[in-house]
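Data from data.cif: mmCIF, C-alpha atoms and all ligand atoms
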data_final
loop_
_atom_site.label_atom_id
_atom_site.label_comp_id
_atom_site.auth_asym_id
_atom_site.auth_seq_id
_atom_site.Cartn_x
_atom_site.Cartn_y
_atom_site.Cartn_z
CA MET I 1 108.66 65.41 9.71
CA LYS I 2 107.16 63.64 6.70
CA TYR I 3 106.94 65.29 3.28
CA ASP I 4 104.89 64.64 0.16
CA ASP I 5 106.12 65.98 -3.17
CA ARG I 6 103.02 65.18 -5.19
CA PRO I 7 101.26 68.20 -6.75
CA ILE I 8 98.29 70.17 -5.42
CA GLY I 9 95.25 70.21 -7.73
CA ILE I 10 93.52 73.57 -8.21
CA PHE I 11 90.50 74.16 -10.43
CA ASP I 12 87.93 76.68 -11.56
CA SER I 13 85.46 77.02 -14.40
CA GLY I 14 88.00 79.09 -16.31
CA LEU I 15 90.64 81.72 -15.63
CA GLY I 16 89.47 82.86 -12.20
CA GLY I 17 91.24 80.14 -10.21
CA LEU I 18 94.55 81.55 -11.36
CA THR I 19 94.14 84.12 -8.57
CA SER I 20 94.53 81.14 -6.20
CA VAL I 21 97.38 79.64 -8.23
CA LYS I 22 99.30 82.91 -8.00
CA ALA I 23 98.76 83.16 -4.24
CA VAL I 24 99.65 79.49 -3.60
CA ALA I 25 102.76 79.65 -5.80
CA GLU I 26 103.97 82.74 -3.92
CA ALA I 27 103.17 81.48 -0.42
CA LEU I 28 104.25 77.84 -0.93
CA PRO I 29 107.08 78.01 -3.48
CA ASN I 30 108.06 74.35 -3.05
CA GLU I 31 104.67 73.05 -4.09
CA LYS I 32 103.95 71.72 -7.58
CA ILE I 33 100.50 72.69 -8.89
CA VAL I 34 98.25 71.10 -11.50
CA TYR I 35 95.61 73.60 -12.62
CA PHE I 36 92.44 72.75 -14.49
CA GLY I 37 90.19 75.42 -16.05
CA ASP I 38 86.92 74.04 -17.39
CA THR I 39 86.84 76.56 -20.23
CA ALA I 40 84.50 74.44 -22.36
CA ARG I 41 81.75 74.84 -19.75
CA VAL I 42 82.43 78.29 -18.24
CA PRO I 43 80.50 80.03 -16.71
CA TYR I 44 79.23 77.76 -13.94
CA GLY I 45 77.41 80.56 -12.14
CA ASP I 46 74.17 80.34 -14.13
CA ARG I 47 73.82 76.54 -13.97
CA SER I 48 71.64 74.45 -11.69
CA LYS I 49 73.03 72.86 -8.54
CA GLU I 50 72.81 69.38 -10.12
CA THR I 51 74.85 70.47 -13.14
CA ILE I 52 77.45 72.24 -11.01
CA ILE I 53 77.86 69.11 -8.85
CA GLU I 54 78.35 67.00 -11.98
CA TYR I 55 80.95 69.41 -13.42
CA VAL I 56 82.85 69.71 -10.14
CA LYS I 57 83.02 65.91 -9.80
CA ASP I 58 84.51 65.72 -13.31
CA ASP I 59 87.03 68.44 -12.44
CA ILE I 60 88.20 66.65 -9.29
CA GLU I 61 88.39 63.28 -11.05
CA PHE I 62 90.56 64.85 -13.73
CA LEU I 63 92.93 66.29 -11.11
CA LEU I 64 93.05 62.96 -9.26
CA SER I 65 94.21 61.32 -12.51
CA HIS I 66 97.31 63.55 -12.08
CA ASN I 67 98.02 62.06 -8.66
CA VAL I 68 97.34 65.23 -6.67
CA LYS I 69 97.57 65.12 -2.86
CA ALA I 70 94.99 67.86 -2.08
CA ILE I 71 92.39 69.89 -3.94
CA VAL I 72 91.73 73.62 -3.89
CA ILE I 73 88.26 74.51 -5.16
CA ALA I 74 89.27 77.92 -6.52
CA CYS I 75 85.71 78.66 -7.57
CA ASN I 76 83.18 80.19 -5.20
CA THR I 77 80.31 78.78 -7.24
CA ALA I 78 81.66 75.23 -7.02
CA ASP I 79 82.52 75.65 -3.33
CA SER I 80 79.09 77.10 -2.46
CA LEU I 81 77.06 74.50 -4.34
CA ALA I 82 79.06 71.27 -4.37
CA ARG I 83 81.48 71.13 -1.43
CA PRO I 84 79.56 68.77 0.93
CA GLU I 85 78.85 66.30 -1.90
CA MET I 86 82.52 66.28 -2.94
CA GLU I 87 83.66 65.68 0.64
CA GLN I 88 81.40 62.65 0.74
CA ILE I 89 82.62 61.24 -2.57
CA PHE I 90 86.36 61.92 -2.30
CA ARG I 91 88.70 61.07 0.57
CA ILE I 92 91.36 63.63 -0.39
CA PRO I 93 91.76 66.88 1.63
CA ILE I 94 89.69 69.63 -0.02
CA VAL I 95 90.12 73.35 0.62
CA GLY I 96 87.54 75.91 -0.50
CA VAL I 97 87.46 79.68 -0.84
CA VAL I 98 84.18 80.71 0.79
CA GLY I 99 85.06 79.89 4.43
CA PRO I 100 88.45 81.65 4.41
CA ALA I 101 87.10 84.75 2.60
CA ALA I 102 84.12 85.00 4.96
CA LYS I 103 86.41 84.73 7.98
CA LYS I 104 88.69 87.45 6.66
CA ALA I 105 85.71 89.75 6.06
CA VAL I 106 84.59 89.34 9.68
CA GLN I 107 88.13 90.03 10.89
CA LEU I 108 88.53 93.16 8.77
CA THR I 109 85.19 94.92 9.09
CA LYS I 110 85.00 97.72 11.64
CA ASN I 111 81.30 98.58 11.33
CA GLY I 112 79.97 95.02 10.81
CA LYS I 113 78.52 95.88 7.38
CA ILE I 114 79.84 93.45 4.76
CA GLY I 115 79.05 93.37 1.05
CA VAL I 116 79.34 90.18 -1.00
CA ILE I 117 79.40 89.94 -4.78
CA GLY I 118 79.36 86.67 -6.70
CA THR I 119 77.68 84.70 -9.44
CA ASN I 120 73.93 84.05 -9.44
CA ALA I 121 74.47 80.54 -8.05
CA THR I 122 76.81 81.67 -5.25
CA ILE I 123 74.53 84.50 -4.12
CA GLN I 124 71.35 82.39 -4.33
CA SER I 125 72.99 79.63 -2.28
CA ASN I 126 73.44 82.11 0.61
CA ALA I 127 76.72 80.36 1.40
CA TYR I 128 78.55 83.57 2.34
CA SER I 129 75.80 84.94 4.49
CA LYS I 130 75.62 81.63 6.40
CA VAL I 131 79.35 81.39 7.07
CA ILE I 132 79.73 85.09 7.95
CA HIS I 133 76.92 84.72 10.50
CA GLU I 134 78.62 81.65 11.99
CA TYR I 135 81.61 83.89 12.74
CA ASP I 136 79.56 86.94 13.77
CA ALA I 137 75.80 86.59 14.23
CA SER I 138 75.35 90.37 14.38
CA ALA I 139 77.09 91.15 11.04
CA GLU I 140 74.93 92.79 8.38
CA VAL I 141 75.47 91.13 5.01
CA PHE I 142 74.40 92.70 1.71
CA SER I 143 74.71 90.36 -1.28
CA VAL I 144 74.53 91.24 -4.97
CA ALA I 145 74.74 88.78 -7.89
CA CYS I 146 76.89 90.08 -10.75
CA PRO I 147 76.38 87.59 -13.61
CA LEU I 148 77.92 89.81 -16.30
CA LEU I 149 81.33 90.03 -14.69
CA VAL I 150 82.72 86.53 -15.42
CA PRO I 151 82.17 86.85 -19.20
CA LEU I 152 83.80 90.31 -19.17
CA VAL I 153 86.86 88.99 -17.34
CA GLU I 154 87.09 85.86 -19.55
CA GLU I 155 87.11 88.30 -22.51
CA GLY I 156 90.00 90.21 -20.96
CA ARG I 157 87.85 93.36 -20.48
CA ILE I 158 89.62 94.38 -17.28
CA SER I 159 91.27 97.68 -18.19
CA LYS I 160 90.37 100.73 -16.09
CA ASP I 161 89.56 102.48 -19.38
CA ASP I 162 87.02 99.87 -20.42
CA LYS I 163 83.79 101.87 -20.46
CA VAL I 164 81.48 98.85 -20.65
CA THR I 165 83.05 97.07 -17.68
CA ARG I 166 83.05 100.27 -15.59
CA ARG I 167 79.40 100.92 -16.41
CA VAL I 168 78.36 97.36 -15.52
CA LEU I 169 80.31 97.52 -12.26
CA LYS I 170 78.74 100.86 -11.32
CA GLU I 171 75.29 99.43 -11.85
CA TYR I 172 76.05 96.48 -9.56
CA LEU I 173 78.05 98.32 -6.91
CA LEU I 174 76.61 101.77 -6.31
CA GLN I 175 73.84 100.30 -4.13
CA PHE I 176 76.53 99.37 -1.59
CA THR I 177 77.28 103.07 -0.96
CA GLU I 178 73.92 103.71 0.68
CA LYS I 179 74.27 100.54 2.77
CA GLY I 180 77.51 101.91 4.25
CA ILE I 181 79.57 98.72 3.90
CA ASP I 182 83.26 99.01 4.83
CA THR I 183 84.28 95.55 3.47
CA LEU I 184 83.43 93.83 0.21
CA VAL I 185 84.05 90.13 -0.47
CA LEU I 186 84.98 89.52 -4.09
CA GLY I 187 83.11 86.21 -3.92
CA CYS I 188 84.20 84.99 -7.31
CA THR I 189 87.81 84.26 -8.17
CA HIS I 190 87.49 86.18 -11.44
CA TYR I 191 86.73 89.49 -9.71
CA PRO I 192 90.15 90.44 -8.26
CA LEU I 193 91.13 91.36 -11.83
CA LEU I 194 88.54 94.14 -11.55
CA SER I 195 89.74 95.44 -8.16
CA GLY I 196 91.23 98.61 -9.68
CA ILE I 197 87.86 99.76 -11.01
CA ILE I 198 85.94 98.45 -7.97
CA ALA I 199 88.22 100.45 -5.63
CA GLU I 200 87.46 103.62 -7.60
CA ILE I 201 83.70 103.04 -7.43
CA LEU I 202 83.77 102.17 -3.72
CA PRO I 203 86.66 104.23 -2.29
CA GLY I 204 87.77 103.27 1.20
CA VAL I 205 86.03 99.88 1.13
CA LYS I 206 88.32 96.94 1.94
CA LEU I 207 88.29 94.33 -0.85
CA ILE I 208 88.74 90.64 -0.07
CA ASN I 209 90.27 88.42 -2.72
CA SER I 210 88.60 85.02 -2.20
CA GLY I 211 91.24 83.22 -4.31
CA GLU I 212 94.05 84.44 -2.07
CA ALA I 213 92.15 83.85 1.15
CA ALA I 214 92.36 80.05 0.71
CA VAL I 215 96.15 79.91 1.06
CA GLU I 216 96.35 79.79 4.85
CA SER I 217 93.80 76.99 5.16
CA LEU I 218 95.66 75.06 2.45
CA ARG I 219 98.94 75.48 4.34
CA ARG I 220 97.28 74.27 7.54
CA LYS I 221 95.65 71.28 5.87
CA LEU I 222 98.93 70.20 4.25
CA ASN I 223 100.75 70.46 7.59
CA GLU I 224 98.07 68.60 9.54
CA ASN I 225 98.11 65.73 7.03
CA ASP I 226 101.92 65.51 6.57
CA LEU I 227 101.43 66.54 2.96
CA SER I 228 103.77 69.56 2.64
CA ALA I 229 106.42 69.38 -0.07
CA SER I 230 110.02 68.86 0.98
CA PRO I 231 112.23 72.00 1.11
CA GLU I 232 114.23 70.77 -1.91
CA ASN I 233 111.12 70.24 -4.08
CA ARG I 234 110.89 72.81 -6.88
CA GLY I 235 107.48 74.39 -7.42
CA CYS I 236 105.96 74.65 -10.90
CA VAL I 237 102.50 74.92 -12.47
CA LYS I 238 101.01 72.69 -15.17
CA TYR I 239 97.93 74.11 -16.88
CA TYR I 240 95.09 72.10 -18.40
CA VAL I 241 91.87 73.42 -19.95
CA SER I 242 88.88 71.78 -21.61
CA ASP I 243 88.78 74.25 -24.54
CA ASN I 244 90.67 77.04 -26.28
CA ALA I 245 94.14 76.69 -24.78
CA ALA I 246 95.48 79.63 -26.82
CA SER I 247 92.99 82.09 -25.37
CA PHE I 248 93.62 80.77 -21.85
CA ALA I 249 97.38 81.20 -22.29
CA ARG I 250 96.94 84.75 -23.57
CA HIS I 251 94.65 85.96 -20.79
CA GLY I 252 96.20 83.77 -18.09
CA GLY I 253 99.34 85.88 -18.18
CA ILE I 254 97.31 88.88 -16.96
CA PHE I 255 96.12 86.91 -13.93
CA MET I 256 99.57 85.63 -13.07
CA GLY I 257 101.29 88.97 -13.63
CA HIS I 258 103.73 87.32 -16.03
CA GLU I 259 103.52 85.15 -19.13
CA LEU I 260 102.61 81.54 -18.43
CA THR I 261 105.92 79.74 -18.25
CA GLU I 262 104.48 76.31 -19.06
CA SER I 263 102.34 75.54 -22.06
CA VAL I 264 98.61 75.01 -21.66
CA THR I 265 97.30 71.56 -22.61
CA GLU I 266 93.80 71.04 -23.93
CA VAL I 267 92.06 67.93 -22.62
CA ASN I 268 88.74 66.23 -23.10
CA ILE I 269 87.25 65.38 -19.72
N1 LIG I 301 85.55 81.89 -10.64
C1 LIG I 301 84.24 81.32 -10.47
C2 LIG I 301 83.72 81.64 -9.08
O1 LIG I 301 84.54 81.91 -8.21
C3 LIG I 301 83.39 81.73 -11.63
C4 LIG I 301 82.14 80.98 -11.73
C5 LIG I 301 81.52 80.90 -13.09
O2 LIG I 301 82.07 80.20 -13.92
O3 LIG I 301 80.45 81.49 -13.27
O4 LIG I 301 82.56 81.59 -8.79
#
Would you encode the structure as structure tokens?
Amino acid sequence: MKYDDRPIGIFDSGLGGLTSVKAVAEALPNEKIVYFGDTARVPYGDRSKETIIEYVKDDIEFLLSHNVKAIVIACNTADSLARPEMEQIFRIPIVGVVGPAAKKAVQLTKNGKIGVIGTNATIQSNAYSKVIHEYDASAEVFSVACPLLVPLVEEGRISKDDKVTRRVLKEYLLQFTEKGIDTLVLGCTHYPLLSGIIAEILPGVKLINSGEAAVESLRRKLNENDLSASPENRGCVKYYVSDNAASFARHGGIFMGHELTESVTEVNI
């Protein structure tokens, strides 16, 4: 068996991709990770397709400059809008979040009624609805864009006592109650930080963390391409952002469930 101890590159527009970093670090403890958060340009979700493609290309080029062996697009917006273009430009294995989260939703739903929340760009792209219907043509998909959620999470407004966040979530989510969904895809990697409040607004609905869902396809892709790290390789995470490293370090700890062990480096990409 061949091994490859180079790092995996993971990126998002900001903090959200840390939900993937946490899941990858737990599931694949021998893997080194280089994370890039494009904090100077967050949020991506209200930009045009052309702009998102341009940003995502920059993000991947930055990670390639760190000699990564595979890329995880830990951003539903980037995955929904720019994936095919990136697969044409770059030869490196690329794993996204939309396919795995859609698959999980189809596996988990009992009544075939699936809700999807995401940024404006993700919802308008219809990416989730398309992939869910590839797995199950009869599934009913109800999609709602929630553009205010990324700024709230980037601001650290994730406490269950935060009245503004709860009110915004209620406005977005209560419409799902009358649709009778039993599964909700958190189709933005920032949203799992709000799962506590979401679960209270939609009791009994299964929540799918799109950041976490990518882990199994990453594991498979590494194995298929002889890219898994050797058992003696020690995993670690290096963090890079394009702006405000101090704020990223402060809020990043909440995502990871512990303080960031490595410092966060600010770079100009
Ligand atoms: N975490 C990104 C996503 O999954 C947020 C996108 C944004 O920056 O608006 O879509």
Any chance you could tabulate, as a tab-separated table, the residues of chain I at most 9 Å from ligand LIG 301 (chain I) with each one's nearest atom pair and distance in Å to one decimal, using only C-alpha atoms and all ligand atoms, in chain and rising number order?
residue	atom	partner	partner_atom	distance
I:Asp12	CA	I:LIG301	N1	5.8
I:Ser13	CA	I:LIG301	O2	4.7
I:Gly14	CA	I:LIG301	O2	6.5
I:Leu15	CA	I:LIG301	N1	7.1
I:Gly16	CA	I:LIG301	N1	4.3
I:Gly17	CA	I:LIG301	N1	6.0
I:Asp38	CA	I:LIG301	O2	8.6
I:Thr39	CA	I:LIG301	O2	8.7
I:Arg41	CA	I:LIG301	O2	7.9
I:Val42	CA	I:LIG301	O2	4.7
I:Pro43	CA	I:LIG301	O2	3.2
I:Tyr44	CA	I:LIG301	O2	3.7
I:Gly45	CA	I:LIG301	O3	3.4
I:Asp46	CA	I:LIG301	O3	6.4
I:Arg47	CA	I:LIG301	O3	8.3
I:Ile73	CA	I:LIG301	O1	8.8
I:Ala74	CA	I:LIG301	O1	6.4
I:Cys75	CA	I:LIG301	O1	3.5
I:Asn76	CA	I:LIG301	O1	3.7
I:Thr77	CA	I:LIG301	O4	3.9
I:Ala78	CA	I:LIG301	O4	6.7
I:Asp79	CA	I:LIG301	O4	8.1
I:Ser80	CA	I:LIG301	O4	8.5
I:Val97	CA	I:LIG301	O1	8.2
I:Gly118	CA	I:LIG301	O4	6.4
I:Thr119	CA	I:LIG301	O3	5.7
I:Asn120	CA	I:LIG301	O3	8.0
I:Ala121	CA	I:LIG301	O3	8.0
I:Thr122	CA	I:LIG301	O4	6.8
I:Pro147	CA	I:LIG301	O3	7.3
I:Leu149	CA	I:LIG301	O3	8.7
I:Val150	CA	I:LIG301	O3	5.9
I:Pro151	CA	I:LIG301	O3	8.2
I:Leu186	CA	I:LIG301	O1	8.7
I:Gly187	CA	I:LIG301	O1	6.2
I:Cys188	CA	I:LIG301	O1	3.2
I:Thr189	CA	I:LIG301	O1	4.0
I:His190	CA	I:LIG301	N1	4.8
I:Tyr191	CA	I:LIG301	N1	7.7
I:Ser210	CA	I:LIG301	O1	7.9
I:Gly211	CA	I:LIG301	O1	7.9
Residue neighbourhood Tyr3 in chain I, 12 Å, all atoms listed in the file, exclusion window fewer than 3 positions, as an mmCIF file with C-alpha atoms, keeping the file's coordinate frame:
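This went into part23.cif:
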data_model
loop_
_atom_site.group_PDB
_atom_site.id
_atom_site.type_symbol
_atom_site.label_atom_id
_atom_site.label_comp_id
_atom_site.auth_asym_id
_atom_site.auth_seq_id
_atom_site.Cartn_x
_atom_site.Cartn_y
_atom_site.Cartn_z
ATOM 1 C CA ARG I 6 103.020 65.180 -5.190
ATOM 2 C CA PRO I 7 101.260 68.200 -6.750
ATOM 3 C CA ASN I 30 108.060 74.350 -3.050
ATOM 4 C CA GLU I 31 104.670 73.050 -4.090
ATOM 5 C CA LYS I 69 97.570 65.120 -2.860
ATOM 6 C CA LEU I 222 98.930 70.200 4.250
ATOM 7 C CA ASN I 223 100.750 70.460 7.590
ATOM 8 C CA GLU I 224 98.070 68.600 9.540
ATOM 9 C CA ASN I 225 98.110 65.730 7.030
ATOM 10 C CA ASP I 226 101.920 65.510 6.570
ATOM 11 C CA LEU I 227 101.430 66.540 2.960
ATOM 12 C CA SER I 228 103.770 69.560 2.640
ATOM 13 C CA ALA I 229 106.420 69.380 -0.070
ATOM 14 C CA SER I 230 110.020 68.860 0.980
ATOM 15 C CA PRO I 231 112.230 72.000 1.110
ATOM 16 C CA GLU I 232 114.230 70.770 -1.910
ATOM 17 C CA ASN I 233 111.120 70.240 -4.080
#
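Distances to Gly115 in chain I were evaluated for I:Val164, I:Ile89, I:Leu184, I:Leu63 using only C-alpha atoms, and the minimum falls at I:Leu184.
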task = List the neighbours of Phe36 in chain I out to 7 Å using all atoms listed in the file; skip same-chain residues closer than 5 positions along the sequence, and give me the result as a count of residues only.
result = 6
key: Neighbour list for range 137-140 of chain I as a ChimeraX atom specification, cut-off 7 Å, all atoms listed in the file, skip fewer than 5 positions in-chain   = /I:112-114
Can those selected residues be exported to a file as a compact mmCIF listing (two decimals), in the frame of the given file so that it contains C-alpha atoms?
# COMPACT_ATOMS: atom_id res chain seq x y z
CA GLY I 112 79.97 95.02 10.81
CA LYS I 113 78.52 95.88 7.38
CA ILE I 114 79.84 93.45 4.76
Enclose the full set of atoms of range 81-99 of chain I listed in the file within a box whose edges lie along x, y and z, apply 6 Å of padding to each of the six sides, and report centre and edge lengths in Å to one decimal as JSON.
{"center_x": 84.4, "center_y": 70.9, "center_z": 0.0, "size_x": 26.7, "size_y": 31.6, "size_z": 20.8}
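Note that CA of Ser263 in chain I and CA of Ala249 in chain I are 7.5 Å apart.
Computed from the coordinates, the CA of Lys170 in chain I to CA of Ile197 in chain I distance equals 9.2 Å.
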